[in-house]
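J.: input06.txt is reproduced below (compact mmCIF, C-alpha atoms and all ligand atoms).
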```txt
# COMPACT_ATOMS: atom_id res chain seq x y z
CA MET A 1 -19.19 -17.30 -13.20
CA ASN A 2 -16.90 -20.21 -12.44
CA SER A 3 -14.44 -18.64 -10.00
CA ASP A 4 -14.40 -16.88 -6.68
CA VAL A 5 -13.93 -13.12 -7.23
CA ALA A 6 -11.41 -12.70 -4.38
CA GLU A 7 -9.35 -15.65 -5.69
CA LEU A 8 -9.49 -14.24 -9.23
CA PHE A 9 -8.09 -10.88 -8.05
CA ARG A 10 -5.20 -12.68 -6.32
CA LYS A 11 -3.98 -13.64 -9.81
CA ILE A 12 -3.17 -10.00 -10.56
CA SER A 13 0.53 -9.84 -9.72
CA VAL A 14 1.40 -7.08 -7.30
CA GLY A 15 4.02 -6.77 -4.59
CA VAL A 16 3.68 -5.93 -0.91
CA TYR A 17 4.92 -2.60 0.39
CA ILE A 18 5.06 -0.55 3.57
CA VAL A 19 3.87 2.98 2.91
CA GLY A 20 5.38 5.54 5.30
CA VAL A 21 3.59 8.78 6.12
CA ALA A 22 4.41 11.62 8.50
CA SER A 23 3.12 14.89 9.90
CA PRO A 24 5.15 17.31 12.02
CA GLU A 25 3.72 15.46 15.08
CA GLU A 26 4.00 11.79 14.12
CA GLN A 27 5.31 9.05 11.86
CA HIS A 28 3.10 6.16 10.75
CA ALA A 29 3.10 3.28 8.28
CA PHE A 30 0.74 0.71 6.76
CA THR A 31 0.96 -2.29 4.43
CA ALA A 32 -0.23 -1.78 0.85
CA SER A 33 -0.42 -3.91 -2.28
CA TRP A 34 -2.39 -1.59 -4.52
CA ILE A 35 0.66 0.29 -5.78
CA MET A 36 1.82 0.53 -9.39
CA PRO A 37 3.97 2.67 -11.69
CA VAL A 38 1.82 4.80 -14.05
CA SER A 39 4.14 7.26 -15.88
CA PHE A 40 7.75 7.52 -17.12
CA ASN A 41 7.96 11.29 -17.40
CA PRO A 42 7.33 12.40 -14.79
CA LEU A 43 8.00 9.16 -12.90
CA LEU A 44 4.74 8.48 -11.09
CA LEU A 45 3.55 5.78 -8.70
CA ALA A 46 -0.15 5.29 -7.93
CA LEU A 47 -1.30 4.20 -4.47
CA SER A 48 -4.86 3.21 -3.64
CA ILE A 49 -5.69 3.86 0.02
CA ASN A 50 -8.81 3.35 2.08
CA PRO A 51 -9.78 6.85 3.30
CA HIS A 52 -10.74 5.43 6.70
CA HIS A 53 -7.15 4.40 7.40
CA ARG A 54 -5.31 6.40 10.02
CA SER A 55 -2.53 6.70 7.42
CA TYR A 56 -4.84 8.61 5.07
CA SER A 57 -5.73 11.14 7.77
CA ILE A 58 -1.99 11.89 7.99
CA LEU A 59 -1.28 11.64 4.25
CA LYS A 60 -4.08 13.98 3.16
CA GLY A 61 -2.41 16.91 4.93
CA SER A 62 1.08 16.02 3.82
CA PRO A 63 2.99 16.47 0.55
CA GLN A 64 4.94 13.19 0.56
CA PHE A 65 5.02 9.47 1.31
CA SER A 66 7.57 6.66 1.16
CA VAL A 67 7.23 3.15 -0.25
CA SER A 68 9.44 0.35 1.13
CA VAL A 69 9.43 -2.80 -1.00
CA LEU A 70 9.18 -5.99 1.09
CA GLY A 71 11.28 -9.06 0.35
CA GLU A 72 9.77 -12.56 0.13
CA ASP A 73 10.94 -13.31 3.71
CA GLN A 74 9.15 -10.26 5.21
CA ILE A 75 5.54 -11.40 5.56
CA ASP A 76 5.77 -10.71 9.33
CA LEU A 77 6.40 -7.05 8.56
CA ALA A 78 3.39 -7.06 6.19
CA ALA A 79 1.25 -8.48 9.01
CA HIS A 80 2.59 -6.03 11.61
CA PHE A 81 1.60 -3.01 9.52
CA GLY A 82 -1.39 -4.56 7.77
CA LEU A 83 -3.77 -5.56 10.52
CA SER A 84 -6.25 -2.90 11.59
CA ASN A 85 -6.11 -3.85 15.28
CA SER A 86 -2.29 -3.77 15.47
CA GLU A 87 -0.36 -1.02 17.23
CA LYS A 88 2.02 -0.59 14.28
CA GLN A 89 4.92 0.43 16.49
CA LEU A 90 7.88 1.60 14.45
CA ASP A 91 10.37 1.19 17.32
CA PRO A 92 11.33 -2.46 16.76
CA PHE A 93 12.47 -1.72 13.20
CA LYS A 94 15.51 -0.03 11.68
CA ILE A 95 14.03 3.16 10.29
CA GLU A 96 15.53 5.94 8.21
CA ASN A 97 13.74 9.29 8.07
CA GLY A 98 12.82 10.15 4.50
CA LEU A 99 11.24 13.28 3.04
CA GLY A 100 9.20 15.12 5.66
CA GLY A 101 10.05 12.38 8.20
CA CYS A 102 8.28 9.56 6.31
CA PRO A 103 9.67 6.29 7.68
CA ILE A 104 11.75 4.13 5.34
CA PHE A 105 12.53 0.53 6.33
CA LYS A 106 16.25 -0.14 6.11
CA GLU A 107 15.67 -3.90 5.87
CA ALA A 108 13.35 -3.62 2.87
CA LEU A 109 14.84 -4.62 -0.46
CA ALA A 110 14.23 -1.19 -2.00
CA PHE A 111 12.44 2.09 -1.36
CA PHE A 112 10.91 5.04 -3.21
CA GLU A 113 10.26 8.56 -1.99
CA CYS A 114 7.31 10.34 -3.55
CA ARG A 115 5.84 13.81 -3.64
CA VAL A 116 2.04 13.79 -3.83
CA THR A 117 0.78 15.24 -7.12
CA HIS A 118 -2.89 14.09 -7.13
CA ASP A 119 -5.50 12.72 -4.75
CA PHE A 120 -8.65 11.39 -6.49
CA LEU A 121 -11.73 9.55 -5.29
CA ALA A 122 -11.65 6.01 -6.76
CA GLY A 123 -14.77 4.11 -5.68
CA ASP A 124 -14.39 3.35 -1.98
CA HIS A 125 -10.66 4.26 -2.00
CA ARG A 126 -8.53 7.35 -2.71
CA LEU A 127 -6.06 7.14 -5.57
CA ILE A 128 -2.89 9.01 -4.73
CA LEU A 129 -0.34 9.79 -7.42
CA GLY A 130 3.19 10.50 -6.26
CA GLU A 131 6.16 11.70 -8.28
CA VAL A 132 9.20 9.58 -7.43
CA VAL A 133 11.97 11.94 -6.33
CA ASP A 134 14.39 9.44 -4.81
CA GLY A 135 14.89 5.74 -4.16
CA ARG A 136 17.39 2.98 -3.64
CA LEU A 137 17.80 -0.71 -4.36
CA ASN A 138 19.22 -2.05 -1.10
CA ASP A 139 19.73 -5.65 -2.21
CA PRO A 140 19.48 -6.66 -5.89
CA SER A 141 19.80 -10.36 -5.01
CA ARG A 142 16.53 -10.57 -3.04
CA SER A 143 13.11 -11.29 -4.58
CA PRO A 144 10.03 -9.24 -3.70
CA LEU A 145 7.16 -10.56 -1.60
CA LEU A 146 4.12 -11.14 -3.83
CA TYR A 147 0.59 -10.34 -2.73
CA GLN A 148 -0.60 -13.78 -3.82
CA SER A 149 1.76 -15.35 -1.26
CA THR A 150 0.06 -13.50 1.59
CA GLY A 151 -3.19 -15.53 1.33
CA ASP A 152 -6.05 -13.66 2.96
CA LEU A 153 -3.80 -11.75 5.37
CA ASP A 154 -5.59 -8.51 4.48
CA ARG A 155 -9.01 -10.24 4.88
CA ALA A 156 -9.95 -8.79 1.50
CA SER A 157 -12.10 -11.79 0.58
CA ALA A 158 -14.80 -10.30 2.82
CA PHE A 159 -14.91 -7.15 0.67
CA TYR A 160 -15.07 -8.61 -2.85
CA PRO A 161 -18.53 -8.97 -4.38
CA LYS A 162 -19.86 -12.47 -4.91
CA ASP A 163 -20.52 -11.78 -8.62
CA PHE A 164 -19.85 -9.19 -11.33
CA ARG A 165 -23.04 -7.12 -11.29
CA THR A 166 -22.11 -3.51 -12.05
CA SER A 167 -23.21 -0.61 -9.85
CA ASP A 168 -25.64 0.41 -12.70
CA GLU A 169 -27.34 -2.97 -12.54
CA GLU A 170 -27.58 -2.78 -8.76
CA GLN A 171 -29.55 0.49 -9.05
CA ARG A 172 -32.17 -1.06 -11.41
C1 LIG A 201 -1.02 -7.72 2.26
C2 LIG A 201 -1.85 -6.48 2.55
C3 LIG A 201 -2.09 -5.55 1.55
C4 LIG A 201 -2.84 -4.40 1.81
N1 LIG A 201 -3.02 -3.48 0.81
C5 LIG A 201 -3.69 -2.33 1.07
C6 LIG A 201 -3.78 -1.32 0.06
O1 LIG A 201 -3.24 -1.43 -1.03
N2 LIG A 201 -4.49 -0.19 0.37
C7 LIG A 201 -5.08 -0.01 1.58
O2 LIG A 201 -5.71 1.03 1.78
N3 LIG A 201 -4.99 -0.94 2.56
C8 LIG A 201 -4.29 -2.08 2.34
N4 LIG A 201 -4.14 -3.02 3.32
C9 LIG A 201 -4.83 -2.84 4.61
C10 LIG A 201 -4.07 -1.93 5.56
O3 LIG A 201 -2.69 -2.26 5.63
C11 LIG A 201 -4.65 -2.06 6.98
O4 LIG A 201 -6.04 -1.82 6.97
C12 LIG A 201 -3.98 -1.18 7.99
O5 LIG A 201 -4.37 -1.60 9.28
C13 LIG A 201 -4.28 0.33 7.84
O6 LIG A 201 -3.54 0.99 8.84
P1 LIG A 201 -3.87 2.43 9.45
O7 LIG A 201 -5.36 2.52 9.66
O8 LIG A 201 -3.09 2.46 10.74
O9 LIG A 201 -3.37 3.42 8.45
C14 LIG A 201 -3.39 -4.18 3.10
C15 LIG A 201 -3.14 -5.12 4.12
C16 LIG A 201 -2.36 -6.25 3.85
C17 LIG A 201 -2.10 -7.25 4.97
```
Please lay out the structure from this file as structure tokens.
Ligand SMILES: Cc1cc2nc3c(=O)[nH]c(=O)nc-3n(C[C@H](O)[C@H](O)[C@H](O)COP(=O)(O)O)c2cc1C
T.:
Amino acid sequence: MNSDVAELFRKISVGVYIVGVASPEEQHAFTASWIMPVSFNPLLLALSINPHHRSYSILKGSPQFSVSVLGEDQIDLAAHFGLSNSEKQLDPFKIENGLGGCPIFKEALAFFECRVTHDFLAGDHRLILGEVVDGRLNDPSRSPLLYQSTGDLDRASAFYPKDFRTSDEEQR
């Protein structure tokens, strides 16, 4: 192998989003990059979430989530909601309450509102499928923030394997 696995995965182009979740008691949000469209009819988005996140403990009992699309000038927002030791206060931001109270960031360049249709185990993450029931493009002139521009903000390089041995090979 001639490349670092974490660096190789940074070449997959994905955006950076704030996923909003809510229960009757609280609103919460976290930064996610592992989001992609997966179906036209119905319109589905897939979200991969670490089940140890506080957000998943809220999402698993809730039928909806929101996805705010960050612009290229919003890396600070990605850091605020993407670091595990951060407080993730929503107060400093202009928030709109979406479906079920899920927070939507008014200063994001776009947002989607999704109803959860599936929740699968996917390796060490949960794969959530959500049907898109609403959304808005706030500013067509802005470009989205790309995951590759965030460097190792998510500290993911610590989690990638050093080589491509499959789990089958590891058991031998
Ligand atoms: C740029 C970036 C992308 C991230 N993408 C994801 C992701 O797709 N899925 C995920 O589960 N965590 C992702 N994270 C990590 C979470 O945002 C982070 O662990 C967060 O603290 C979880 O918050 P919570 O435990 O309060 O829910 C990402 C972090 C950053 C900075």
J.: Around ligand LIG 201 (chain A), which protein and nucleic acid residues have at least one atom no more than 8 Å from it, if we count all atoms listed in the file? List them as a PyMOL selection string.
T.: chain A and resi 16-17+28-35+47-56+78-79+81-88+125+147+150+152-155
J.: At most 8 Å from (11.3, 8.0, -5.4), file frame, all atoms listed in the file: which residues, as a PyMOL selection string?
T.: chain A and resi 66+111-114+131-135
J.: Report, in Å with one decimal, the straight-line distance from atom CA of A:Gln148 to atom CA of A:Gln27.
T.: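 If I compute the distance from atom CA of A:Gln148 to atom CA of A:Gln27, I get 28.3 Å.
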J.: Considering all atoms listed in the file, can you say which of A:Pro103, A:Gly151, A:Pro24, A:Pro140 comes closest to A:Gly61?
T.: A:Pro24
J.: Could you jot down the atom CA of A:Phe105 to atom CA of A:Glu26 separation for me, Å, one decimal place?
T.: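 One can read the atom CA of A:Phe105 to atom CA of A:Glu26 distance as 16.1 Å.
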J.: Report, in Å with one decimal, the straight-line distance from atom CA of A:Arg136 to atom CA of A:Gln74.
T.: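 Separation of atom CA of A:Arg136 and atom CA of A:Gln74: 17.9 Å.
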J.: Restricting the calculation to only C-alpha atoms: of A:Phe93, A:Phe164, A:Phe40, A:Phe65, which residue gets closest to A:Asp4?
T.: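 Answer, going by the shortest atom-to-atom distance: A:Phe164.
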J.: Please determine, counting all atoms listed in the file, which residue among A:Gly130, A:Gly123, A:Gly101, A:Pro144 has the shortest atom-to-atom distance to A:Pro42.
T.: A:Gly130
J.: Point out the residue among A:Ile18, A:Ile58, A:Ala156, A:Val38 with the least atom-to-atom distance to A:Leu127, counting only C-alpha atoms.
T.: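 Looking at the shortest contact to A:Leu127, the residue is A:Val38.
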J.: Set the distance at 12 Å and use all atoms listed in the file: which residues neighbour A:Asp139 once local chain neighbours fewer than 6 positions away are removed? I'd like the list as a PyMOL selection string.
T.: chain A and resi 69-71+106-111
J.: Counting all atoms listed in the file, which residue out of A:Leu121, A:Cys102, A:Ala6, A:Leu77 sits closest to A:Ser62?
T.: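 The closest residue to A:Ser62 is A:Cys102.
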J.: For each of A:Gly20, A:Pro37, A:Gly15, A:Pro63, take the minimum atom-to-atom distance to A:Thr117, counting all atoms listed in the file, then give the residue where this is smallest.
T.: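 Closest to A:Thr117, using all atoms listed in the file: A:Pro63.
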J.: As a PDB file, keeping the file's coordinate frame, please: stretch 110-121 of chain A completed to all heavy atoms.
T.:
```pdb
ATOM      1  N   ALA A 110      14.097  -2.449  -1.253  1.00  0.00           N
ATOM      2  CA  ALA A 110      14.230  -1.190  -2.000  1.00  0.00           C
ATOM      3  C   ALA A 110      13.267  -0.175  -1.402  1.00  0.00           C
ATOM      4  O   ALA A 110      12.376  -0.533  -0.622  1.00  0.00           O
ATOM      5  CB  ALA A 110      13.886  -1.412  -3.466  1.00  0.00           C
ATOM      6  N   PHE A 111      13.450   1.097  -1.760  1.00  0.00           N
ATOM      7  CA  PHE A 111      12.440   2.090  -1.360  1.00  0.00           C
ATOM      8  C   PHE A 111      12.326   3.191  -2.413  1.00  0.00           C
ATOM      9  O   PHE A 111      13.230   3.382  -3.237  1.00  0.00           O
ATOM     10  CB  PHE A 111      12.748   2.692   0.026  1.00  0.00           C
ATOM     11  CG  PHE A 111      13.907   3.656   0.038  1.00  0.00           C
ATOM     12  CD1 PHE A 111      13.733   4.992  -0.335  1.00  0.00           C
ATOM     13  CD2 PHE A 111      15.161   3.243   0.415  1.00  0.00           C
ATOM     14  CE1 PHE A 111      14.801   5.879  -0.325  1.00  0.00           C
ATOM     15  CE2 PHE A 111      16.235   4.121   0.424  1.00  0.00           C
ATOM     16  CZ  PHE A 111      16.056   5.443   0.050  1.00  0.00           C
ATOM     17  N   PHE A 112      11.187   3.874  -2.377  1.00  0.00           N
ATOM     18  CA  PHE A 112      10.910   5.040  -3.210  1.00  0.00           C
ATOM     19  C   PHE A 112      10.477   6.169  -2.287  1.00  0.00           C
ATOM     20  O   PHE A 112       9.822   5.913  -1.273  1.00  0.00           O
ATOM     21  CB  PHE A 112       9.756   4.777  -4.178  1.00  0.00           C
ATOM     22  CG  PHE A 112       9.988   3.644  -5.137  1.00  0.00           C
ATOM     23  CD1 PHE A 112       9.687   2.339  -4.764  1.00  0.00           C
ATOM     24  CD2 PHE A 112      10.485   3.876  -6.403  1.00  0.00           C
ATOM     25  CE1 PHE A 112       9.894   1.283  -5.645  1.00  0.00           C
ATOM     26  CE2 PHE A 112      10.694   2.830  -7.291  1.00  0.00           C
ATOM     27  CZ  PHE A 112      10.394   1.534  -6.907  1.00  0.00           C
ATOM     28  N   GLU A 113      10.804   7.395  -2.687  1.00  0.00           N
ATOM     29  CA  GLU A 113      10.260   8.560  -1.990  1.00  0.00           C
ATOM     30  C   GLU A 113       9.451   9.366  -2.993  1.00  0.00           C
ATOM     31  O   GLU A 113       9.922   9.624  -4.107  1.00  0.00           O
ATOM     32  CB  GLU A 113      11.389   9.417  -1.424  1.00  0.00           C
ATOM     33  CG  GLU A 113      12.125   8.711  -0.312  1.00  0.00           C
ATOM     34  CD  GLU A 113      12.965   9.690   0.474  1.00  0.00           C
ATOM     35  OE1 GLU A 113      12.439  10.276   1.435  1.00  0.00           O
ATOM     36  OE2 GLU A 113      14.132   9.879   0.088  1.00  0.00           O
ATOM     37  N   CYS A 114       8.240   9.726  -2.600  1.00  0.00           N
ATOM     38  CA  CYS A 114       7.310  10.340  -3.550  1.00  0.00           C
ATOM     39  C   CYS A 114       6.748  11.643  -3.004  1.00  0.00           C
ATOM     40  O   CYS A 114       6.451  11.755  -1.814  1.00  0.00           O
ATOM     41  CB  CYS A 114       6.130   9.403  -3.791  1.00  0.00           C
ATOM     42  SG  CYS A 114       6.619   7.806  -4.437  1.00  0.00           S
ATOM     43  N   ARG A 115       6.570  12.578  -3.946  1.00  0.00           N
ATOM     44  CA  ARG A 115       5.840  13.810  -3.640  1.00  0.00           C
ATOM     45  C   ARG A 115       4.439  13.687  -4.212  1.00  0.00           C
ATOM     46  O   ARG A 115       4.295  13.379  -5.395  1.00  0.00           O
ATOM     47  CB  ARG A 115       6.524  15.017  -4.291  1.00  0.00           C
ATOM     48  CG  ARG A 115       7.733  15.480  -3.535  1.00  0.00           C
ATOM     49  CD  ARG A 115       8.112  16.899  -3.941  1.00  0.00           C
ATOM     50  NE  ARG A 115       9.477  17.191  -3.545  1.00  0.00           N
ATOM     51  CZ  ARG A 115       9.851  17.459  -2.302  1.00  0.00           C
ATOM     52  NH1 ARG A 115       8.953  17.502  -1.337  1.00  0.00           N
ATOM     53  NH2 ARG A 115      11.120  17.692  -2.020  1.00  0.00           N
ATOM     54  N   VAL A 116       3.435  13.946  -3.387  1.00  0.00           N
ATOM     55  CA  VAL A 116       2.040  13.790  -3.830  1.00  0.00           C
ATOM     56  C   VAL A 116       1.729  14.816  -4.920  1.00  0.00           C
ATOM     57  O   VAL A 116       1.981  16.009  -4.761  1.00  0.00           O
ATOM     58  CB  VAL A 116       1.076  13.992  -2.635  1.00  0.00           C
ATOM     59  CG1 VAL A 116      -0.377  13.952  -3.107  1.00  0.00           C
ATOM     60  CG2 VAL A 116       1.330  12.949  -1.553  1.00  0.00           C
ATOM     61  N   THR A 117       1.195  14.320  -6.053  1.00  0.00           N
ATOM     62  CA  THR A 117       0.780  15.240  -7.120  1.00  0.00           C
ATOM     63  C   THR A 117      -0.743  15.274  -7.280  1.00  0.00           C
ATOM     64  O   THR A 117      -1.296  16.268  -7.713  1.00  0.00           O
ATOM     65  CB  THR A 117       1.411  14.851  -8.482  1.00  0.00           C
ATOM     66  OG1 THR A 117       0.975  13.529  -8.833  1.00  0.00           O
ATOM     67  CG2 THR A 117       2.937  14.902  -8.431  1.00  0.00           C
ATOM     68  N   HIS A 118      -1.432  14.146  -6.979  1.00  0.00           N
ATOM     69  CA  HIS A 118      -2.890  14.090  -7.130  1.00  0.00           C
ATOM     70  C   HIS A 118      -3.498  13.229  -6.038  1.00  0.00           C
ATOM     71  O   HIS A 118      -2.845  12.311  -5.545  1.00  0.00           O
ATOM     72  CB  HIS A 118      -3.292  13.482  -8.483  1.00  0.00           C
ATOM     73  CG  HIS A 118      -2.844  14.254  -9.672  1.00  0.00           C
ATOM     74  ND1 HIS A 118      -1.590  14.138 -10.214  1.00  0.00           N
ATOM     75  CD2 HIS A 118      -3.496  15.171 -10.418  1.00  0.00           C
ATOM     76  CE1 HIS A 118      -1.472  14.946 -11.243  1.00  0.00           C
ATOM     77  NE2 HIS A 118      -2.616  15.594 -11.397  1.00  0.00           N
ATOM     78  N   ASP A 119      -4.748  13.508  -5.723  1.00  0.00           N
ATOM     79  CA  ASP A 119      -5.500  12.720  -4.750  1.00  0.00           C
ATOM     80  C   ASP A 119      -6.936  12.674  -5.239  1.00  0.00           C
ATOM     81  O   ASP A 119      -7.661  13.663  -5.166  1.00  0.00           O
ATOM     82  CB  ASP A 119      -5.398  13.412  -3.364  1.00  0.00           C
ATOM     83  CG  ASP A 119      -6.181  12.678  -2.277  1.00  0.00           C
ATOM     84  OD1 ASP A 119      -7.021  11.827  -2.595  1.00  0.00           O
ATOM     85  OD2 ASP A 119      -5.957  12.992  -1.102  1.00  0.00           O
ATOM     86  N   PHE A 120      -7.322  11.540  -5.880  1.00  0.00           N
ATOM     87  CA  PHE A 120      -8.650  11.390  -6.490  1.00  0.00           C
ATOM     88  C   PHE A 120      -9.505  10.422  -5.684  1.00  0.00           C
ATOM     89  O   PHE A 120      -8.971   9.486  -5.093  1.00  0.00           O
ATOM     90  CB  PHE A 120      -8.567  10.725  -7.872  1.00  0.00           C
ATOM     91  CG  PHE A 120      -7.655  11.349  -8.855  1.00  0.00           C
ATOM     92  CD1 PHE A 120      -6.402  10.786  -9.110  1.00  0.00           C
ATOM     93  CD2 PHE A 120      -8.045  12.452  -9.582  1.00  0.00           C
ATOM     94  CE1 PHE A 120      -5.562  11.324 -10.067  1.00  0.00           C
ATOM     95  CE2 PHE A 120      -7.198  12.996 -10.538  1.00  0.00           C
ATOM     96  CZ  PHE A 120      -5.965  12.440 -10.779  1.00  0.00           C
ATOM     97  N   LEU A 121     -10.827  10.587  -5.796  1.00  0.00           N
ATOM     98  CA  LEU A 121     -11.730   9.550  -5.290  1.00  0.00           C
ATOM     99  C   LEU A 121     -11.743   8.414  -6.315  1.00  0.00           C
ATOM    100  O   LEU A 121     -11.867   8.665  -7.523  1.00  0.00           O
ATOM    101  CB  LEU A 121     -13.140  10.140  -5.132  1.00  0.00           C
ATOM    102  CG  LEU A 121     -14.188   9.195  -4.556  1.00  0.00           C
ATOM    103  CD1 LEU A 121     -13.852   8.799  -3.112  1.00  0.00           C
ATOM    104  CD2 LEU A 121     -15.565   9.849  -4.616  1.00  0.00           C
TER     105      LEU A 121
END
```
